[in-house]
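For reference, the structure discussed in these notes is given below.
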Amino acid sequence: MDERAEIEAAMERLLDGIPLRSDGKLTVVSLAVEAAVKRHALTHKHTNLKDRFYARIKAQHSVPASETKLREQVADLSRKLNDIRAERDEYKQAADALARALNVLTVENDELRRKANRTGPAHRAEAAQPVTLDRAVDAQAGGEGRSRALWPPA
């Protein structure tokens with residue numbers, strides 16, 4: 001196939017949005033890559049083909065299919081990025097809330113430790129005993145030794 005025929009075939013592929021060798025842009029450089037010729041073949045030797053290519057682009061008044069596809073991908077990726085940013089912001093708000101809760105609990109823990117250190121040794125010994133389920137249930141039942149535990153079931 002001669003050079004002119006290669007350029008014309010490449011022109012058709014680019015205008016149809018189905019490039020084989022190039023990026024699919026409607027430029028002389030892409031046309032040269034698509035036709036597997038040097039750019040100067042279009043700018044110096046076959047200027048009429050270059051002019052016809054630009055005239056057809058102008059007459060087409062549309063965006064090539066490859067560019068339309070890329071624009072759709074960009075829009076889709078932008079939506080995904082916005083979703084991920086929103087999710088990140090939610091996680092950041094949750095982390096901030098947890099940090100505030102941790103600070104409050106740390107302050108309360110420090111206050112309880114100071115209170116425990118200020119009380120007498122008898123109170124500290126009682127407070128130091130671990131709270132078991134039986135003791136907690138007895139305390140809820142009024143301390144009468146009756147257990148209203150739900151576990152294990154009878």
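Lettering and numbering for the structure tokens are positional, with chains as A, B, ... in the shown order, residues counted from 1 in each chain, and ligands counted from 1 in the shown order.
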
Next item on the list: Find the spatial neighbours of Lys45 in chain A, counting only C-alpha atoms, within a cut-off of 12 Å - ignore same-chain residues fewer than 5 positions away - and output them as a PyMOL selection string.
Entry: chain A and resi 3-4+7+37-40+50-51

Next item on the list: Can you work out the spacing between CA of Leu98 in chain A and CA of Asp83 in chain A in Å, to one decimal?
Entry: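 One can read the CA of Leu98 in chain A to CA of Asp83 in chain A distance as 22.7 Å.
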
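Distance annotation: of A:Ala55, A:Leu105, A:Leu15, A:Ala5, the residue with the minimal separation from Ala36 in chain A is A:Ala5; atom set is only C-alpha atoms.
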
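For the atom pair formed by CA of Met1 in chain A and CA of Ile57 in chain A, the distance is 24.3 Å, given to one decimal.
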
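Between Val63 in chain A and the residues A:Glu6, A:Asp16, A:Glu111, A:Glu34, the shortest atom-to-atom distance, using only C-alpha atoms, involves A:Asp16.
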
Next item on the list: Show which residues sit within 8 Å of Leu14 in chain A, as a list of chain:residue names. Count only C-alpha atoms, and ignore same-chain residues fewer than 3 positions away.
Entry: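 Result of the neighbour search: A:Ala10, A:Met11, A:Gly17, A:Ile18, A:Pro19, A:Gly24, A:Lys25, A:Leu26, A:Leu31, A:Glu34, A:Pro64.
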
Please dump the current selection as an mmCIF file, in the first residue's frame; keep N, CA and C atoms.
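After the write, selection-v1.cif holds the following:
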```cif
data_model
loop_
_atom_site.group_PDB
_atom_site.id
_atom_site.type_symbol
_atom_site.label_atom_id
_atom_site.label_comp_id
_atom_site.auth_asym_id
_atom_site.auth_seq_id
_atom_site.Cartn_x
_atom_site.Cartn_y
_atom_site.Cartn_z
ATOM 1 N N ALA A 10 -5.739 5.661 7.621
ATOM 2 C CA ALA A 10 -5.558 6.132 9.000
ATOM 3 C C ALA A 10 -6.538 7.240 9.316
ATOM 4 N N MET A 11 -6.801 8.117 8.340
ATOM 5 C CA MET A 11 -7.755 9.201 8.522
ATOM 6 C C MET A 11 -9.144 8.638 8.824
ATOM 7 N N GLY A 17 -13.129 6.796 15.135
ATOM 8 C CA GLY A 17 -12.876 6.560 16.557
ATOM 9 C C GLY A 17 -12.332 5.180 16.865
ATOM 10 N N ILE A 18 -11.686 4.538 15.878
ATOM 11 C CA ILE A 18 -11.113 3.200 16.106
ATOM 12 C C ILE A 18 -9.631 3.174 15.693
ATOM 13 N N PRO A 19 -8.798 3.913 16.422
ATOM 14 C CA PRO A 19 -7.376 3.936 16.065
ATOM 15 C C PRO A 19 -6.699 2.601 16.363
ATOM 16 N N GLY A 24 -5.616 8.233 19.229
ATOM 17 C CA GLY A 24 -6.967 8.533 18.795
ATOM 18 C C GLY A 24 -7.298 10.006 18.744
ATOM 19 N N LYS A 25 -6.349 10.870 19.094
ATOM 20 C CA LYS A 25 -6.599 12.311 19.019
ATOM 21 C C LYS A 25 -6.665 12.723 17.555
ATOM 22 N N LEU A 26 -7.433 13.756 17.298
ATOM 23 C CA LEU A 26 -7.602 14.235 15.924
ATOM 24 C C LEU A 26 -6.581 15.330 15.639
ATOM 25 N N LEU A 31 -2.383 11.393 13.327
ATOM 26 C CA LEU A 31 -2.615 10.860 11.984
ATOM 27 C C LEU A 31 -1.337 10.254 11.426
ATOM 28 N N GLU A 34 -0.731 7.006 13.238
ATOM 29 C CA GLU A 34 -1.717 6.021 12.794
ATOM 30 C C GLU A 34 -1.387 5.487 11.405
ATOM 31 N N PRO A 64 -14.711 12.534 18.709
ATOM 32 C CA PRO A 64 -14.518 11.134 18.327
ATOM 33 C C PRO A 64 -14.946 10.186 19.444
#
```

Next item on the list: Report as number ranges by chain: the residues of range 1-34 of chain A with a DSSP assignment of helix (DSSP H, G or I), based on the backbone of this structure.
Entry: A: 3-16, 28-34

For the selection just defined, write its residues with C-alpha atoms to a file, as an mmCIF file, in the first residue's frame.
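Here's the written file part.cif:
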```
data_model
loop_
_atom_site.group_PDB
_atom_site.id
_atom_site.type_symbol
_atom_site.label_atom_id
_atom_site.label_comp_id
_atom_site.auth_asym_id
_atom_site.auth_seq_id
_atom_site.Cartn_x
_atom_site.Cartn_y
_atom_site.Cartn_z
ATOM 1 C CA GLU A 3 1.829 6.314 1.521
ATOM 2 C CA ARG A 4 -1.289 8.228 0.410
ATOM 3 C CA ALA A 5 -3.478 5.151 0.837
ATOM 4 C CA GLU A 6 -2.025 4.538 4.325
ATOM 5 C CA ILE A 7 -2.758 8.138 5.317
ATOM 6 C CA GLU A 8 -6.321 7.959 3.974
ATOM 7 C CA ALA A 9 -6.982 4.665 5.782
ATOM 8 C CA ALA A 10 -5.558 6.132 9.000
ATOM 9 C CA MET A 11 -7.755 9.201 8.522
ATOM 10 C CA GLU A 12 -10.845 7.005 8.301
ATOM 11 C CA ARG A 13 -9.886 5.047 11.423
ATOM 12 C CA LEU A 14 -9.272 8.211 13.446
ATOM 13 C CA LEU A 15 -12.499 9.858 12.312
ATOM 14 C CA ASP A 16 -14.437 6.679 13.097
ATOM 15 C CA VAL A 28 -1.660 15.644 12.485
ATOM 16 C CA VAL A 29 0.772 13.939 14.840
ATOM 17 C CA SER A 30 -1.769 11.211 15.667
ATOM 18 C CA LEU A 31 -2.615 10.860 11.984
ATOM 19 C CA ALA A 32 1.064 10.391 11.154
ATOM 20 C CA VAL A 33 1.465 7.777 13.904
ATOM 21 C CA GLU A 34 -1.717 6.021 12.794
#
```
